file structure.cif (mmCIF, C-alpha atoms)
data_query
loop_
_atom_site.label_atom_id
_atom_site.label_comp_id
_atom_site.auth_asym_id
_atom_site.auth_seq_id
_atom_site.Cartn_x
_atom_site.Cartn_y
_atom_site.Cartn_z
CA MET A 1114 0.00 0.00 0.00
CA GLN A 1115 1.26 3.47 -0.89
CA ASN A 1116 1.47 5.70 2.20
CA GLU A 1117 1.23 9.05 0.45
CA PHE A 1118 -0.71 10.73 -2.30
CA PRO A 1119 -0.55 14.10 -4.09
CA ILE A 1120 -3.00 16.95 -3.63
CA VAL A 1121 -3.06 20.13 -5.70
CA CYS A 1122 -5.91 22.60 -5.35
CA ARG A 1123 -6.55 26.24 -6.14
CA GLN A 1124 -7.82 28.60 -3.48
CA GLU A 1125 -11.29 28.63 -5.01
CA ASN A 1126 -11.51 24.88 -4.43
CA GLN A 1127 -11.05 23.88 -8.06
CA TRP A 1128 -8.82 20.84 -8.43
CA LEU A 1129 -5.77 20.92 -10.67
CA TRP A 1130 -4.63 17.68 -12.28
CA ILE A 1131 -1.35 16.43 -10.93
CA ASN A 1132 1.83 16.80 -12.96
CA PRO A 1133 5.13 14.99 -12.30
CA ASP A 1134 6.72 18.13 -10.86
CA PHE A 1135 4.38 18.67 -7.89
CA LYS A 1136 6.05 20.03 -4.78
CA ASN A 1137 6.62 18.00 -1.62
CA ASP A 1138 4.28 20.24 0.38
CA ASN A 1139 1.44 19.05 -1.86
CA VAL A 1140 1.86 15.45 -0.74
CA LEU A 1141 -0.21 13.95 2.07
CA ARG A 1142 1.49 11.21 4.09
CA LEU A 1143 -0.44 8.60 6.02
CA GLU A 1144 1.64 8.74 9.19
CA THR A 1145 1.66 12.53 9.55
CA GLU A 1146 -2.04 12.76 8.64
CA PHE A 1147 -2.83 10.32 11.46
CA GLU A 1148 -0.83 12.40 13.93
CA LYS A 1149 -2.50 15.62 12.79
CA TYR A 1150 -6.06 14.40 13.18
CA TRP A 1151 -5.47 12.40 16.33
CA ARG A 1152 -4.09 15.53 18.00
CA LYS A 1153 -7.30 17.32 17.03
CA ILE A 1154 -9.32 14.58 18.75
CA GLU A 1155 -7.18 14.72 21.89
CA ARG A 1156 -7.47 18.51 22.04
CA GLY A 1157 -11.23 18.37 21.60
CA GLU A 1158 -11.20 20.46 18.42
CA ASN A 1159 -14.47 20.73 16.53
CA PHE A 1160 -14.26 19.10 13.11
CA ALA A 1161 -15.92 16.32 11.12
CA LEU A 1162 -13.93 13.56 9.45
CA ALA A 1163 -16.11 11.66 6.96
CA ARG A 1164 -14.89 8.54 5.18
CA TYR A 1165 -15.61 8.10 1.46
CA GLY A 1166 -14.55 4.88 -0.28
CA ASP A 1167 -15.56 2.70 -3.18
CA GLY A 1168 -18.93 1.70 -1.71
CA GLU A 1169 -19.94 5.30 -1.18
CA ARG A 1170 -18.93 6.16 -4.77
CA LEU A 1171 -21.01 3.28 -6.15
CA LEU A 1172 -24.02 4.46 -4.17
CA MET A 1173 -23.59 8.02 -5.44
CA THR A 1174 -23.40 6.84 -9.06
CA GLY A 1175 -26.42 4.55 -8.73
CA SER A 1176 -24.33 1.43 -9.39
CA ARG A 1177 -24.92 -2.06 -8.05
CA VAL A 1178 -23.01 -2.73 -4.83
CA LYS A 1179 -23.00 -5.47 -2.22
CA ALA A 1180 -20.83 -4.86 0.84
CA GLN A 1181 -19.30 -7.56 3.01
CA GLU A 1182 -21.10 -6.03 6.00
CA GLY A 1183 -24.44 -7.07 4.48
CA TRP A 1184 -25.89 -3.89 2.99
CA HIS A 1185 -26.53 -3.70 -0.75
CA ALA A 1186 -28.10 -1.61 -3.52
CA GLY A 1187 -29.19 -2.30 -7.08
CA ASN A 1188 -28.62 -0.34 -10.28
CA LYS A 1189 -30.48 2.75 -9.13
CA LEU A 1190 -29.81 5.91 -7.17
CA THR A 1191 -31.00 5.29 -3.61
CA LEU A 1192 -31.91 8.03 -1.15
CA LEU A 1193 -28.66 7.37 0.70
CA GLY A 1194 -26.69 7.70 -2.55
CA LYS A 1195 -28.47 10.94 -3.40
CA ASP A 1196 -27.87 12.43 0.05
CA LEU A 1197 -24.24 11.33 0.03
CA LYS A 1198 -23.63 13.07 -3.27
CA GLU A 1199 -25.05 16.31 -1.86
CA THR A 1200 -22.42 16.22 0.89
CA LEU A 1201 -19.66 16.58 -1.70
CA SER A 1202 -20.52 20.28 -1.96
CA ILE A 1203 -19.84 21.09 1.71
CA SER A 1204 -17.35 23.98 1.88
CA ASN A 1205 -16.91 24.24 5.65
CA PRO A 1206 -13.14 24.20 6.40
CA ASN A 1207 -13.81 21.96 9.41
CA PHE A 1208 -15.35 19.24 7.24
CA ILE A 1209 -12.68 16.78 6.12
CA TYR A 1210 -13.16 14.30 3.27
CA ALA A 1211 -11.28 11.03 3.89
CA ILE A 1212 -11.09 9.56 0.38
CA SER A 1213 -9.61 6.49 -1.30
CA CYS A 1214 -5.92 6.74 -2.12
CA PRO A 1215 -4.84 6.34 -5.77
CA CYS A 1216 -2.84 3.16 -5.21
CA CYS A 1217 -5.69 1.18 -3.63
CA ASP A 1218 -8.65 2.54 -5.58
CA SER A 1219 -7.61 4.94 -8.32
CA ALA A 1220 -11.09 5.02 -9.88
CA SER A 1221 -12.60 6.38 -6.66
CA TYR A 1222 -9.66 8.72 -5.98
CA TYR A 1223 -9.99 10.54 -9.29
CA TRP A 1224 -13.80 10.46 -9.18
CA TYR A 1225 -13.75 12.25 -5.84
CA LEU A 1226 -11.27 14.85 -7.06
CA ARG A 1227 -13.59 15.62 -9.96
CA HIS A 1228 -16.64 16.04 -7.72
CA LEU A 1229 -15.40 17.57 -4.46
CA LYS A 1230 -15.73 21.31 -3.89
CA ASN A 1231 -13.66 21.25 -0.69
CA CYS A 1232 -9.89 20.81 -0.78
CA ASN A 1233 -9.75 19.41 2.75
CA ILE A 1234 -8.92 15.76 2.08
CA THR A 1235 -7.11 12.94 3.82
CA PHE A 1236 -6.89 9.14 3.62
CA ALA A 1237 -10.01 6.95 3.82
CA ASN A 1238 -7.82 4.35 5.55
CA LEU A 1239 -6.46 6.86 8.06
CA PHE A 1240 -7.26 4.68 11.09
CA VAL A 1241 -6.73 1.21 9.58
CA ASN A 1242 -4.09 -0.77 7.68
CA ALA A 1243 -0.64 0.59 8.61
CA ASN A 1244 -2.13 2.83 11.31
CA PHE A 1245 -4.52 0.33 12.89
CA ALA A 1246 -2.31 -0.83 15.77
CA GLN A 1247 -1.53 2.76 16.75
CA PHE A 1248 -5.17 3.81 16.38
CA LYS A 1249 -6.44 0.91 18.52
CA GLU A 1250 -3.97 1.68 21.30
CA LYS A 1251 -4.80 5.38 21.35
CA PHE A 1252 -8.56 4.92 20.95
CA LEU A 1253 -8.82 2.47 23.85
CA SER A 1254 -6.99 4.92 26.13
CA LEU A 1255 -8.98 7.99 25.05
CA GLU A 1256 -10.94 9.52 27.93
CA ARG A 1257 -13.79 11.56 26.46
CA GLU A 1258 -17.53 11.84 26.70
CA ALA A 1259 -18.93 10.43 23.50
CA ILE A 1260 -22.08 9.78 21.51
CA LEU A 1261 -22.10 6.59 19.44
CA LEU A 1262 -23.92 5.55 16.29
CA THR A 1263 -23.26 1.91 15.40
CA ASN A 1264 -24.82 -1.33 14.25
CA TYR A 1265 -27.26 -2.68 16.84
CA ARG A 1266 -24.80 -5.46 17.75
CA GLY A 1267 -22.58 -2.87 19.41
CA LEU A 1268 -25.21 -1.81 21.94
CA GLY A 1269 -24.16 -2.38 25.55
CA LYS A 1270 -20.49 -2.94 24.78
CA THR A 1271 -17.69 -0.88 26.27
CA TYR A 1272 -15.42 1.20 24.05
CA GLY A 1273 -12.17 1.70 25.90
CA LYS A 1274 -12.43 4.53 28.42
CA LEU A 1275 -15.13 6.49 26.57
CA ASN A 1276 -17.98 7.76 28.71
CA ILE A 1277 -20.93 6.91 26.46
CA LYS A 1278 -23.67 9.50 26.93
CA LYS A 1279 -25.97 8.18 24.18
CA HIS A 1280 -25.77 5.16 21.90
CA TYR A 1281 -27.90 5.09 18.75
CA THR A 1282 -28.15 1.98 16.59
CA ILE A 1283 -29.05 1.00 13.04
CA SER A 1284 -29.95 -2.27 11.32
CA ASP A 1285 -27.67 -4.39 9.14
CA ASP A 1286 -28.99 -2.83 5.92
CA CYS A 1287 -28.00 0.82 6.20
CA VAL A 1288 -29.38 1.62 2.72
CA LYS A 1289 -32.86 0.48 3.67
CA PHE A 1290 -32.54 2.04 7.12
CA TRP A 1291 -31.71 5.41 5.56
CA GLU A 1292 -34.75 5.17 3.32
CA ASN A 1293 -37.20 4.35 6.12
CA ASP A 1294 -35.80 5.55 9.44
CA ALA A 1295 -33.02 8.11 8.94
CA ALA A 1296 -35.16 11.24 9.27
CA LYS A 1297 -36.59 10.04 12.56
CA LEU A 1298 -33.17 9.08 13.92
CA ILE A 1299 -31.56 12.38 12.89
CA GLN A 1300 -34.32 14.34 14.60
CA GLN A 1301 -33.94 12.21 17.72
CA ILE A 1302 -30.19 12.88 17.82
CA ILE A 1303 -30.79 16.62 17.39
CA ASP A 1304 -33.45 16.68 20.12
CA GLU A 1305 -31.40 14.69 22.61
CA THR A 1306 -27.85 15.88 21.95
CA GLY A 1307 -28.20 19.05 19.91
CA ASP A 1308 -27.17 21.26 22.82
CA ALA A 1309 -23.99 19.28 23.55
CA ARG A 1310 -20.74 21.19 23.16
CA ASP A 1311 -17.30 19.80 22.31
CA MET A 1312 -18.76 16.29 22.19
CA LEU A 1313 -17.05 13.41 20.40
CA TYR A 1314 -19.37 11.64 17.95
CA VAL A 1315 -18.17 8.14 16.99
CA VAL A 1316 -20.00 6.78 13.95
CA SER A 1317 -19.50 3.26 12.63
CA ALA A 1318 -22.40 2.70 10.26
CA GLY A 1319 -21.10 1.86 6.79
CA PRO A 1320 -21.74 4.61 4.21
CA MET A 1321 -23.88 6.44 6.77
CA SER A 1322 -20.58 7.39 8.41
CA ALA A 1323 -19.88 9.84 5.59
#

call {"tool": "encode", "arguments": {"input": "structure.cif", "output": "structure tokens"}}
result
Amino acid sequence: MQNEFPIVCRQENQWLWINPDFKNDNVLRLETEFEKYWRKIERGENFALARYGDGERLLMTGSRVKAQEGWHAGNKLTLLGKDLKETLSISNPNFIYAISCPCCDSASYYWYLRHLKNCNITFANLFVNANFAQFKEKFLSLEREAILLTNYRGLGKTYGKLNIKKHYTISDDCVKFWENDAAKLIQQIIDETGDARDMLYVVSAGPMSA
């Protein structure tokens, strides 16, 4: 796996295609990206890190996809795919797009560069693969109040030293869940935690994590 990828972007958030002479300061490196964002978590900074991979791209293009976690979609644009695509236009500097790297999934990498309006990108595999051991160690020792959104099988489990204030759950099929129950869940989260400040939200819910 390649541990770095190039990024070149104009100030107005229009991507430039990479040429062989890009400067070193336009290269993102997996190790330093992990350190940067983990420090933000430890300091309690307010930002959103959303992961976008191949499954999310297939949903946004209305392509057939069947994930190993059990969710699936046919050759049509689902509500989740439609809503995911709308998020690509977010311009808030505190919203970070974690996208596929060009070595592992070049089709998704270049697709995202063509569709993103925000130049704030990092690795989709920021907390796994080469960084997983370090992430697991740090995550299990993290002492923060947190709100969780996970598959229902995670309900009642402990997550390191996190003080879980609320734990929301979804079914195995996140595509169908988004179609039928997302609006109700989002409103519930807003009603119950909308006044929380500097709260850590931990979301592990397939493409709903984006």

call {"tool": "resolve_selection", "arguments": {"input": "structure.cif", "expression": "the PyMOL selection byres ((chain A and resi 1216) around 9)", "output": "list in words"}}
result
Met1114, Gln1115, Asn1116, Phe1118, Ser1213, Cys1214, Pro1215, Cys1217, Asp1218, Ser1219 and Tyr1222 of chain A

call {"tool": "atom_distance", "arguments": {"input": "structure.cif", "atom1": "CA of Trp1224 in chain A", "atom2": "CA of Ser1317 in chain A"}}
result
23.7 Å

call {"tool": "residues_around", "arguments": {"input": "structure.cif", "residues": "Ala1237 in chain A", "least_positions_apart": "6", "cutoff": "12 Å", "atoms": "only C-alpha atoms", "output": "PyMOL selection string"}}
result
chain A and resi 1116-1118+1143+1146-1147+1162-1169+1209-1215+1217-1218+1221-1222+1225+1244+1320+1322-1323

call {"tool": "write_last_selection", "arguments": {"input": "structure.cif", "atoms": "C-alpha atoms", "output": "compact mmCIF listing (two decimals), in the frame of the given file"}}
result
# COMPACT_ATOMS: atom_id res chain seq x y z
CA ASN A 1116 1.47 5.70 2.20
CA GLU A 1117 1.23 9.05 0.45
CA PHE A 1118 -0.71 10.73 -2.30
CA LEU A 1143 -0.44 8.60 6.02
CA GLU A 1146 -2.04 12.76 8.64
CA PHE A 1147 -2.83 10.32 11.46
CA LEU A 1162 -13.93 13.56 9.45
CA ALA A 1163 -16.11 11.66 6.96
CA ARG A 1164 -14.89 8.54 5.18
CA TYR A 1165 -15.61 8.10 1.46
CA GLY A 1166 -14.55 4.88 -0.28
CA ASP A 1167 -15.56 2.70 -3.18
CA GLY A 1168 -18.93 1.70 -1.71
CA GLU A 1169 -19.94 5.30 -1.18
CA ILE A 1209 -12.68 16.78 6.12
CA TYR A 1210 -13.16 14.30 3.27
CA ALA A 1211 -11.28 11.03 3.89
CA ILE A 1212 -11.09 9.56 0.38
CA SER A 1213 -9.61 6.49 -1.30
CA CYS A 1214 -5.92 6.74 -2.12
CA PRO A 1215 -4.84 6.34 -5.77
CA CYS A 1217 -5.69 1.18 -3.63
CA ASP A 1218 -8.65 2.54 -5.58
CA SER A 1221 -12.60 6.38 -6.66
CA TYR A 1222 -9.66 8.72 -5.98
CA TYR A 1225 -13.75 12.25 -5.84
CA ASN A 1244 -2.13 2.83 11.31
CA PRO A 1320 -21.74 4.61 4.21
CA SER A 1322 -20.58 7.39 8.41
CA ALA A 1323 -19.88 9.84 5.59

call {"tool": "residues_near_point", "arguments": {"input": "structure.cif", "point": "(-25.4, -5.9, -4.0)", "cutoff": "12 Å", "atoms": "all atoms listed in the file", "output": "mmCIF file with C-alpha atoms, in the frame of the given file"}}
result
data_model
loop_
_atom_site.group_PDB
_atom_site.id
_atom_site.type_symbol
_atom_site.label_atom_id
_atom_site.label_comp_id
_atom_site.auth_asym_id
_atom_site.auth_seq_id
_atom_site.Cartn_x
_atom_site.Cartn_y
_atom_site.Cartn_z
ATOM 1 C CA GLY A 1168 -18.930 1.700 -1.710
ATOM 2 C CA LEU A 1171 -21.010 3.280 -6.150
ATOM 3 C CA LEU A 1172 -24.020 4.460 -4.170
ATOM 4 C CA GLY A 1175 -26.420 4.550 -8.730
ATOM 5 C CA SER A 1176 -24.330 1.430 -9.390
ATOM 6 C CA ARG A 1177 -24.920 -2.060 -8.050
ATOM 7 C CA VAL A 1178 -23.010 -2.730 -4.830
ATOM 8 C CA LYS A 1179 -23.000 -5.470 -2.220
ATOM 9 C CA ALA A 1180 -20.830 -4.860 0.840
ATOM 10 C CA GLN A 1181 -19.300 -7.560 3.010
ATOM 11 C CA GLU A 1182 -21.100 -6.030 6.000
ATOM 12 C CA GLY A 1183 -24.440 -7.070 4.480
ATOM 13 C CA TRP A 1184 -25.890 -3.890 2.990
ATOM 14 C CA HIS A 1185 -26.530 -3.700 -0.750
ATOM 15 C CA ALA A 1186 -28.100 -1.610 -3.520
ATOM 16 C CA GLY A 1187 -29.190 -2.300 -7.080
ATOM 17 C CA ASN A 1188 -28.620 -0.340 -10.280
ATOM 18 C CA LYS A 1189 -30.480 2.750 -9.130
ATOM 19 C CA ASP A 1286 -28.990 -2.830 5.920
ATOM 20 C CA VAL A 1288 -29.380 1.620 2.720
#

call {"tool": "residues_around", "arguments": {"input": "structure.cif", "residues": "Ile1277 in chain A", "least_positions_apart": "5", "cutoff": "8 Å", "atoms": "only C-alpha atoms", "output": "PDB file with C-alpha atoms, in the frame of the given file"}}
result
ATOM      1  CA  GLU A1258     -17.530  11.840  26.700  1.00  0.00           C
ATOM      2  CA  ALA A1259     -18.930  10.430  23.500  1.00  0.00           C
ATOM      3  CA  ILE A1260     -22.080   9.780  21.510  1.00  0.00           C
ATOM      4  CA  LEU A1261     -22.100   6.590  19.440  1.00  0.00           C
TER       5      LEU A1261
END

call {"tool": "resolve_selection", "arguments": {"input": "structure.cif", "expression": "the PyMOL selection byres ((chain A and resi 1312) around 12)", "output": "short mmCIF file (atom, residue, chain, number, x, y, z; two decimals) with C-alpha atoms, keeping the file's coordinate frame"}}
result
data_model
loop_
_atom_site.label_atom_id
_atom_site.label_comp_id
_atom_site.auth_asym_id
_atom_site.auth_seq_id
_atom_site.Cartn_x
_atom_site.Cartn_y
_atom_site.Cartn_z
CA ILE A 1154 -9.32 14.58 18.75
CA GLU A 1155 -7.18 14.72 21.89
CA ARG A 1156 -7.47 18.51 22.04
CA GLY A 1157 -11.23 18.37 21.60
CA GLU A 1158 -11.20 20.46 18.42
CA ASN A 1159 -14.47 20.73 16.53
CA PHE A 1160 -14.26 19.10 13.11
CA ALA A 1161 -15.92 16.32 11.12
CA GLU A 1256 -10.94 9.52 27.93
CA ARG A 1257 -13.79 11.56 26.46
CA GLU A 1258 -17.53 11.84 26.70
CA ALA A 1259 -18.93 10.43 23.50
CA ILE A 1260 -22.08 9.78 21.51
CA LEU A 1261 -22.10 6.59 19.44
CA LEU A 1275 -15.13 6.49 26.57
CA ASN A 1276 -17.98 7.76 28.71
CA ILE A 1277 -20.93 6.91 26.46
CA LYS A 1278 -23.67 9.50 26.93
CA LYS A 1279 -25.97 8.18 24.18
CA THR A 1306 -27.85 15.88 21.95
CA GLY A 1307 -28.20 19.05 19.91
CA ASP A 1308 -27.17 21.26 22.82
CA ALA A 1309 -23.99 19.28 23.55
CA ARG A 1310 -20.74 21.19 23.16
CA ASP A 1311 -17.30 19.80 22.31
CA LEU A 1313 -17.05 13.41 20.40
CA TYR A 1314 -19.37 11.64 17.95
CA VAL A 1315 -18.17 8.14 16.99
#

call {"tool": "atom_distance", "arguments": {"input": "structure.cif", "atom1": "CA of Thr1191 in chain A", "atom2": "CA of Leu1239 in chain A"}}
result
27.2 Å

call {"tool": "closest_residue", "arguments": {"input": "structure.cif", "among": "A:Lys1297, A:Lys1289, A:Arg1142, A:Arg1170", "to": "Phe1236 in chain A", "atoms": "only C-alpha atoms"}}
result
A:Arg1142

call {"tool": "decode", "arguments": {"input": "structure.cif", "residues": "range 1219-1230 of chain A", "atoms": "N, CA, C and O atoms", "output": "short mmCIF file (atom, residue, chain, number, x, y, z; two decimals), in the first residue's frame"}}
result
data_model
loop_
_atom_site.label_atom_id
_atom_site.label_comp_id
_atom_site.auth_asym_id
_atom_site.auth_seq_id
_atom_site.Cartn_x
_atom_site.Cartn_y
_atom_site.Cartn_z
N SER A 1219 -7.84 3.74 -7.51
CA SER A 1219 -7.61 4.94 -8.32
C SER A 1219 -8.90 5.47 -8.94
O SER A 1219 -9.06 6.69 -9.08
N ALA A 1220 -9.83 4.57 -9.28
CA ALA A 1220 -11.09 5.02 -9.88
C ALA A 1220 -11.84 5.95 -8.92
O ALA A 1220 -12.34 7.01 -9.32
N SER A 1221 -11.90 5.55 -7.65
CA SER A 1221 -12.60 6.38 -6.66
C SER A 1221 -11.82 7.66 -6.37
O SER A 1221 -12.41 8.73 -6.24
N TYR A 1222 -10.50 7.55 -6.27
CA TYR A 1222 -9.66 8.72 -5.98
C TYR A 1222 -9.91 9.83 -7.00
O TYR A 1222 -10.21 10.97 -6.63
N TYR A 1223 -9.82 9.51 -8.27
CA TYR A 1223 -9.99 10.54 -9.29
C TYR A 1223 -11.44 10.98 -9.43
O TYR A 1223 -11.71 12.14 -9.75
N TRP A 1224 -12.37 10.07 -9.16
CA TRP A 1224 -13.80 10.46 -9.18
C TRP A 1224 -14.07 11.50 -8.11
O TRP A 1224 -14.74 12.51 -8.38
N TYR A 1225 -13.54 11.28 -6.91
CA TYR A 1225 -13.75 12.25 -5.84
C TYR A 1225 -13.10 13.60 -6.16
O TYR A 1225 -13.68 14.66 -5.90
N LEU A 1226 -11.91 13.58 -6.72
CA LEU A 1226 -11.27 14.85 -7.06
C LEU A 1226 -12.07 15.63 -8.08
O LEU A 1226 -12.06 16.86 -8.08
N ARG A 1227 -12.78 14.93 -8.96
CA ARG A 1227 -13.59 15.62 -9.96
C ARG A 1227 -14.87 16.19 -9.37
O ARG A 1227 -15.46 17.12 -9.93
N HIS A 1228 -15.33 15.64 -8.25
CA HIS A 1228 -16.64 16.04 -7.72
C HIS A 1228 -16.59 16.85 -6.43
O HIS A 1228 -17.59 17.50 -6.07
N LEU A 1229 -15.48 16.83 -5.72
CA LEU A 1229 -15.40 17.57 -4.46
C LEU A 1229 -15.26 19.07 -4.71
O LEU A 1229 -14.59 19.50 -5.64
N LYS A 1230 -15.88 19.86 -3.85
CA LYS A 1230 -15.73 21.31 -3.89
C LYS A 1230 -14.78 21.79 -2.79
O LYS A 1230 -14.36 22.93 -2.78
#
